[in-house]
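*Asks:* Okay, here's the structure, questions in a sec.
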Amino acid sequence: MNTPESIPTTSNDGSDMDLSPRTNVDGTAVGVKRKRNVVPLIVLAMVFVAGGVIVTQFLTSAVDYYCNVDEVGVRDGCDGDRRIRLQGTVDKGSVDIANGVTAFTISFNGEHLPVRYEGQPGGIFRECLPVVVHGVIDNGALLGDRVEVRHSDEYVSVNDERVADAQDLGCDAGSA
Amino acid sequence: MTTIDPARTELQPSEPPPQRRSTGTRATRLVGIGCITAMGWLVAFGLGFSPADRDQKESVRILYVHVPTIWLAYLAFVVTAVSSGLYLLTKKQSLGWDRVAGASAEIGVAFVAVTLAVGSLWGRLTWGVFWQWDARLTTTALLFVTYIGYLAVRRLGGSHQQRAKRSAVLGMIAVIEIPLVHFSVKMWRSLHQEATVANLDGDTKMDGIMLFSLFVGVIAFTFLYVWLMLHRTRAMAMEDMLEDRGLDDALIARRAEAANQQNGAH
């Protein structure tokens, strides 16, 4: 044994047994070290933080992502005097891009609202497609700082002979 | 746990060297060949035969990876839940079920990661943004994080049975998130569109070749899932065996030490 202070005892057969704890020369314990694996604990902590962030962001965004144009000032949470996300279909022939500003009109259920957006919308933005505009309503117009294009659950081939019909349908789909 | 011969204190020189073991078998190789073939078909249909979409143009091709990976992730998490239930509820409490549950969750997490990555690319091209905290994206992110937590719980330490019990409970609870993710676009207004194929009204609004390409994608990723499952469950069994052998070796070493001490005392 490598401990300086062994404790001698006697076993049943009379021989000496060393029952002192085994230690190294420096006094540290010998044997299997019970290493606590901290990586899973760190991952779990990160998971809790990430879960909290996700739920917080979700609640901040509210469960319903947008209000429709015809719900401004009517539906709870769709007040026109605060920041809002409005969904409507871009009216045909309404898009006008000039001096870095994109102006267009969105409509839903027969209600129309002019939109003014600084810049050029990304994604697949074009007339007759539904969009969600983030911004504030001022003097009857929505001053948008973000435009997101919604895509329907319909997938139509670009080679389809009924493209023209389908595009017309797209503009009529104001209730999407 | 492997059996220990109490008299055995060291490896005998006459013992044959341990065999090299692998997780591959004839069956896994066949599944692997099927996977490669189906992936080839997916590339051909996804990038070649399938037409561009009227609105999305070429970015529609992302769909052939995005949708199959999330469907297979759903399946993987259901397999995790069922295997967890079989582990907990059967008398034998076989660790084999636990390994199936763990392997399936690992693959499911990898598939959700692919879904989120390619989905954000599609979002940038179609919506104009990579990410938004709408109902579908948020619940999918929550699903992803939950199963990372499940995998972390599996590695907290303890015996194999302890690992199996605590992760089985979590595996059975976490699966309830799947209907929440899938029907989130029905329950709440979302930037993400509603389901085109896996919807309850049975109306699939998709061009024929696009739908077939999607079907090829599902077949290809199913092959990949099965192939990964076969390998991963066997690798996990080997890991468990290796851990047990480490304990056996420690016991053997301790006995040898005790025997040496006894010899020295006499």
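If you're wondering about the labels, chains in the structure tokens are A, B, ... by order shown, residues count from 1 in each chain, ligands from 1 in order shown.
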List every residue of segment 64-177 of chain B that DSSP, applied to the backbone, labels as helix (DSSP H, G or I), and write the result as number ranges by chain.

*Replies:* B: 64-89, 95-126, 135-154, 160-174, 177

*Asks:* Could you dump the residues just selected with C-alpha atoms as a compact mmCIF listing (two decimals), in the first residue's frame?

*Replies:*
```
# COMPACT_ATOMS: atom_id res chain seq x y z
CA TYR B 64 -39.07 17.59 -52.10
CA VAL B 65 -36.66 17.58 -49.15
CA HIS B 66 -38.53 19.84 -46.74
CA VAL B 67 -41.76 17.85 -46.61
CA PRO B 68 -40.37 14.26 -46.57
CA THR B 69 -37.88 15.08 -43.81
CA ILE B 70 -40.55 16.48 -41.49
CA TRP B 71 -42.90 13.55 -42.20
CA LEU B 72 -40.11 11.09 -41.46
CA ALA B 73 -39.23 13.07 -38.33
CA TYR B 74 -42.86 12.71 -37.18
CA LEU B 75 -42.59 8.97 -37.85
CA ALA B 76 -39.26 8.79 -35.99
CA PHE B 77 -40.73 10.48 -32.92
CA VAL B 78 -43.78 8.21 -33.00
CA VAL B 79 -41.41 5.20 -33.13
CA THR B 80 -39.59 6.69 -30.13
CA ALA B 81 -42.87 6.99 -28.22
CA VAL B 82 -44.07 3.49 -29.11
CA SER B 83 -40.69 1.92 -28.25
CA SER B 84 -40.63 3.86 -24.99
CA GLY B 85 -44.09 2.53 -24.18
CA LEU B 86 -43.04 -1.02 -25.02
CA TYR B 87 -40.01 -0.66 -22.77
CA LEU B 88 -42.03 0.65 -19.84
CA LEU B 89 -45.09 -1.53 -20.18
CA LEU B 95 -33.07 -2.38 -23.39
CA GLY B 96 -33.51 -3.15 -27.09
CA TRP B 97 -36.68 -1.02 -27.09
CA ASP B 98 -34.78 1.76 -25.35
CA ARG B 99 -32.11 1.71 -28.04
CA VAL B 100 -34.73 1.81 -30.80
CA ALA B 101 -36.32 4.81 -29.06
CA GLY B 102 -32.98 6.61 -28.71
CA ALA B 103 -31.79 5.90 -32.23
CA SER B 104 -35.10 6.98 -33.73
CA ALA B 105 -35.06 10.25 -31.77
CA GLU B 106 -31.52 11.01 -32.96
CA ILE B 107 -32.52 10.52 -36.58
CA GLY B 108 -35.72 12.50 -36.05
CA VAL B 109 -33.75 15.44 -34.66
CA ALA B 110 -31.40 15.33 -37.65
CA PHE B 111 -34.39 15.32 -40.02
CA VAL B 112 -36.08 18.26 -38.25
CA ALA B 113 -32.79 20.16 -38.51
CA VAL B 114 -32.81 19.57 -42.27
CA THR B 115 -36.49 20.62 -42.44
CA LEU B 116 -35.76 23.87 -40.62
CA ALA B 117 -32.62 24.62 -42.65
CA VAL B 118 -34.14 24.09 -46.09
CA GLY B 119 -37.43 25.61 -44.93
CA SER B 120 -35.70 28.84 -43.98
CA LEU B 121 -34.06 28.96 -47.42
CA TRP B 122 -37.48 28.47 -49.02
CA GLY B 123 -38.90 31.16 -46.74
CA ARG B 124 -36.28 33.66 -47.85
CA LEU B 125 -37.04 32.97 -51.50
CA THR B 126 -40.83 32.92 -51.18
CA ALA B 135 -47.41 29.23 -35.18
CA ARG B 136 -45.96 26.56 -37.49
CA LEU B 137 -42.35 27.69 -37.30
CA THR B 138 -42.48 28.23 -33.55
CA THR B 139 -44.02 24.85 -32.75
CA THR B 140 -41.52 23.13 -35.06
CA ALA B 141 -38.65 24.87 -33.29
CA LEU B 142 -40.14 23.76 -29.98
CA LEU B 143 -40.35 20.17 -31.23
CA PHE B 144 -36.70 20.33 -32.27
CA VAL B 145 -35.56 21.70 -28.92
CA THR B 146 -37.69 19.20 -26.98
CA TYR B 147 -36.05 16.23 -28.66
CA ILE B 148 -32.57 17.70 -28.19
CA GLY B 149 -33.54 17.79 -24.51
CA TYR B 150 -34.63 14.15 -24.77
CA LEU B 151 -31.21 13.23 -26.18
CA ALA B 152 -29.50 15.18 -23.39
CA VAL B 153 -31.56 13.31 -20.78
CA ARG B 154 -30.36 10.03 -22.28
CA HIS B 160 -28.70 1.58 -18.68
CA GLN B 161 -32.03 0.85 -16.98
CA GLN B 162 -32.08 4.27 -15.30
CA ARG B 163 -31.37 5.91 -18.66
CA ALA B 164 -34.10 3.87 -20.32
CA LYS B 165 -36.75 4.63 -17.69
CA ARG B 166 -36.36 8.39 -17.51
CA SER B 167 -36.03 8.84 -21.28
CA ALA B 168 -39.02 6.56 -21.95
CA VAL B 169 -41.27 8.81 -19.86
CA LEU B 170 -40.06 11.88 -21.75
CA GLY B 171 -40.35 10.10 -25.10
CA MET B 172 -43.99 9.31 -24.45
CA ILE B 173 -44.83 12.86 -23.37
CA ALA B 174 -42.94 14.71 -26.12
CA GLU B 177 -46.23 17.99 -29.81
```

*Asks:* Need the shell around Met210 of chain B: protein/DNA/RNA residues with any atom at most 7 Å away, counting only C-alpha atoms. Skip same-chain ones fewer than 4 positions apart. Format as a PDB file with C-alpha atoms, in the first residue's frame?

*Replies:*
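Below you can see selection_37.pdb, which holds the result:
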```
ATOM      1  CA  SER B  50     -40.466  18.180 -62.026  1.00  0.00           C
ATOM      2  CA  MET B 206     -50.640  19.890 -56.575  1.00  0.00           C
ATOM      3  CA  LEU B 214     -42.735  14.408 -53.490  1.00  0.00           C
TER       4      LEU B 214
END
```

*Asks:* Using only C-alpha atoms, tabulate the residues of chain B lying at most 6 Å from any atom of chain A, each with its closest atom pair and that distance in Å to one decimal, by chain and increasing residue number, as a Markdown table.

*Replies:*
```
| residue | atom | partner | partner_atom | distance |
| --- | --- | --- | --- | --- |
| B:Pro51 | CA | A:Ser157 | CA | 5.8 |
| B:Ala52 | CA | A:Val158 | CA | 5.5 |
| B:Asp53 | CA | A:Ser157 | CA | 4.7 |
| B:Arg54 | CA | A:Val158 | CA | 4.2 |
| B:Leu125 | CA | A:Gly123 | CA | 4.8 |
| B:Thr126 | CA | A:Gly123 | CA | 4.2 |
| B:Trp127 | CA | A:Val149 | CA | 4.4 |
| B:Gly128 | CA | A:Gly123 | CA | 3.8 |
| B:Trp133 | CA | A:Phe58 | CA | 5.7 |
| B:Asp134 | CA | A:Tyr65 | CA | 5.7 |
| B:Val145 | CA | A:Val47 | CA | 6.0 |
| B:Gly149 | CA | A:Leu44 | CA | 5.6 |
| B:Ala152 | CA | A:Pro40 | CA | 4.8 |
| B:Arg155 | CA | A:Pro40 | CA | 5.9 |
| B:Leu156 | CA | A:Pro40 | CA | 5.7 |
| B:Trp188 | CA | A:Asp64 | CA | 5.2 |
| B:Arg189 | CA | A:Asp64 | CA | 4.7 |
| B:Ser190 | CA | A:Tyr65 | CA | 5.4 |
| B:Gln193 | CA | A:Asp153 | CA | 5.5 |
| B:Glu194 | CA | A:Asp153 | CA | 5.7 |
| B:Thr196 | CA | A:Asp153 | CA | 5.1 |
| B:Lys205 | CA | A:Glu154 | CA | 4.9 |
| B:Met206 | CA | A:Tyr155 | CA | 4.6 |
| B:Asp207 | CA | A:Val156 | CA | 5.5 |
```

*Asks:* What is the distance between atom CA of Cys35 of chain B and atom CA of Phe221 of chain B, in Å to one decimal?

*Replies:*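 A separation of 7.6 Å between them.
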
*Asks:* Can you check which residues of segment 27-138 of chain A DSSP gives as strand (DSSP E or B) on the backbone and send them as an NGL selection string?

*Replies:* :A and (29 or 67-68 or 84-90 or 96-98 or 101-108 or 111-118 or 130-138)

*Asks:* Selection from above, C-alpha atoms, as an mmCIF file, in the first residue's frame, can you write it?

*Replies:*
```cif
data_model
loop_
_atom_site.group_PDB
_atom_site.id
_atom_site.type_symbol
_atom_site.label_atom_id
_atom_site.label_comp_id
_atom_site.auth_asym_id
_atom_site.auth_seq_id
_atom_site.Cartn_x
_atom_site.Cartn_y
_atom_site.Cartn_z
ATOM 1 C CA ALA A 29 -8.210 8.830 -3.241
ATOM 2 C CA CYS A 67 -55.203 40.518 -38.920
ATOM 3 C CA ASN A 68 -57.099 40.782 -42.179
ATOM 4 C CA ILE A 84 -50.095 45.864 -36.729
ATOM 5 C CA ARG A 85 -49.565 42.993 -39.185
ATOM 6 C CA LEU A 86 -52.161 43.104 -41.922
ATOM 7 C CA GLN A 87 -52.959 40.449 -44.481
ATOM 8 C CA GLY A 88 -54.569 41.098 -47.825
ATOM 9 C CA THR A 89 -54.174 40.364 -51.520
ATOM 10 C CA VAL A 90 -52.202 42.840 -53.613
ATOM 11 C CA ASP A 96 -46.208 51.387 -58.273
ATOM 12 C CA ILE A 97 -42.463 51.537 -57.626
ATOM 13 C CA ALA A 98 -40.893 54.987 -57.701
ATOM 14 C CA VAL A 101 -40.816 53.427 -52.523
ATOM 15 C CA THR A 102 -43.265 50.659 -53.359
ATOM 16 C CA ALA A 103 -46.908 51.648 -53.199
ATOM 17 C CA PHE A 104 -49.760 49.229 -53.656
ATOM 18 C CA THR A 105 -53.196 48.383 -52.352
ATOM 19 C CA ILE A 106 -54.201 45.293 -50.422
ATOM 20 C CA SER A 107 -57.723 44.033 -50.046
ATOM 21 C CA PHE A 108 -59.690 41.418 -48.178
ATOM 22 C CA GLU A 111 -62.097 46.212 -47.842
ATOM 23 C CA HIS A 112 -59.105 47.984 -49.407
ATOM 24 C CA LEU A 113 -56.101 49.656 -47.801
ATOM 25 C CA PRO A 114 -53.263 51.549 -49.497
ATOM 26 C CA VAL A 115 -49.755 50.494 -48.462
ATOM 27 C CA ARG A 116 -46.524 52.462 -48.679
ATOM 28 C CA TYR A 117 -43.302 50.512 -48.264
ATOM 29 C CA GLU A 118 -39.783 51.981 -48.267
ATOM 30 C CA PRO A 130 -51.583 37.603 -50.524
ATOM 31 C CA VAL A 131 -49.074 39.486 -48.386
ATOM 32 C CA VAL A 132 -48.611 40.316 -44.721
ATOM 33 C CA VAL A 133 -47.457 43.887 -44.149
ATOM 34 C CA HIS A 134 -45.962 44.985 -40.809
ATOM 35 C CA GLY A 135 -46.373 48.648 -39.942
ATOM 36 C CA VAL A 136 -48.620 51.392 -38.609
ATOM 37 C CA ILE A 137 -51.707 52.972 -40.093
ATOM 38 C CA ASP A 138 -51.381 56.694 -40.676
#
```

*Asks:* Enter the distance from atom CA of Gly144 of chain A to atom CA of Gln120 of chain A, in Å, rounded to one decimal.

*Replies:* 11.2 Å

*Asks:* If you measure from atom CA of Cys128 of chain A to atom CA of Ser94 of chain A, what distance in Å do you get, rounded to one decimal?

*Replies:*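 Separation of atom CA of Cys128 of chain A and atom CA of Ser94 of chain A: 9.7 Å.
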
*Asks:* Please provide the set of residues having any atom within 12 Å of Ala44 of chain B, restricted to only C-alpha atoms, with same-chain residues fewer than 3 positions apart removed, written as a PyMOL selection string.

*Replies:* chain B and resi 37-41+47-51+61+64+209+212-214+216-217

*Asks:* Write a file of the just-selected residues containing N, CA and C atoms, as a JSON list (two decimals), in the first residue's frame.

*Replies:*
```json
[["chain", "number", "residue", "atom", "x", "y", "z"],
["B", 37, "THR", "N", -30.40, 4.35, -54.62],
["B", 37, "THR", "CA", -31.20, 4.35, -55.85],
["B", 37, "THR", "C", -32.34, 5.37, -55.75],
["B", 38, "ALA", "N", -33.05, 5.33, -54.61],
["B", 38, "ALA", "CA", -34.18, 6.25, -54.43],
["B", 38, "ALA", "C", -33.71, 7.70, -54.40],
["B", 39, "MET", "N", -32.54, 7.94, -53.78],
["B", 39, "MET", "CA", -31.99, 9.31, -53.76],
["B", 39, "MET", "C", -31.66, 9.77, -55.18],
["B", 40, "GLY", "N", -31.16, 8.83, -55.99],
["B", 40, "GLY", "CA", -30.87, 9.16, -57.39],
["B", 40, "GLY", "C", -32.15, 9.55, -58.13],
["B", 41, "TRP", "N", -33.20, 8.81, -57.88],
["B", 41, "TRP", "CA", -34.50, 9.14, -58.47],
["B", 41, "TRP", "C", -34.98, 10.51, -57.99],
["B", 47, "LEU", "N", -34.85, 17.72, -59.45],
["B", 47, "LEU", "CA", -34.11, 18.76, -60.17],
["B", 47, "LEU", "C", -34.34, 18.72, -61.68],
["B", 48, "GLY", "N", -34.86, 17.60, -62.18],
["B", 48, "GLY", "CA", -34.99, 17.48, -63.64],
["B", 48, "GLY", "C", -36.41, 17.45, -64.14],
["B", 49, "PHE", "N", -37.10, 16.35, -63.88],
["B", 49, "PHE", "CA", -38.42, 16.14, -64.50],
["B", 49, "PHE", "C", -39.50, 17.05, -63.94],
["B", 50, "SER", "N", -39.41, 17.37, -62.65],
["B", 50, "SER", "CA", -40.47, 18.18, -62.03],
["B", 50, "SER", "C", -40.41, 19.62, -62.56],
["B", 51, "PRO", "N", -41.57, 20.18, -62.89],
["B", 51, "PRO", "CA", -41.57, 21.55, -63.42],
["B", 51, "PRO", "C", -41.42, 22.59, -62.31],
["B", 61, "ARG", "N", -38.56, 23.26, -55.64],
["B", 61, "ARG", "CA", -37.82, 21.98, -55.55],
["B", 61, "ARG", "C", -37.36, 21.70, -54.11],
["B", 64, "TYR", "N", -39.28, 19.04, -52.01],
["B", 64, "TYR", "CA", -39.07, 17.59, -52.10],
["B", 64, "TYR", "C", -38.12, 17.07, -51.02],
["B", 209, "ILE", "N", -46.76, 15.75, -61.59],
["B", 209, "ILE", "CA", -45.34, 15.36, -61.51],
["B", 209, "ILE", "C", -44.73, 15.88, -60.20],
["B", 212, "PHE", "N", -45.72, 13.40, -57.64],
["B", 212, "PHE", "CA", -44.94, 12.16, -57.77],
["B", 212, "PHE", "C", -43.51, 12.37, -57.24],
["B", 213, "SER", "N", -42.93, 13.52, -57.53],
["B", 213, "SER", "CA", -41.57, 13.83, -57.04],
["B", 213, "SER", "C", -41.55, 13.84, -55.52],
["B", 214, "LEU", "N", -42.62, 14.38, -54.95],
["B", 214, "LEU", "CA", -42.73, 14.41, -53.49],
["B", 214, "LEU", "C", -42.81, 12.97, -52.95],
["B", 216, "VAL", "N", -41.53, 10.33, -54.39],
["B", 216, "VAL", "CA", -40.18, 9.76, -54.52],
["B", 216, "VAL", "C", -39.32, 10.21, -53.33],
["B", 217, "GLY", "N", -39.48, 11.46, -52.95],
["B", 217, "GLY", "CA", -38.73, 12.00, -51.80],
["B", 217, "GLY", "C", -39.07, 11.24, -50.52]]
```
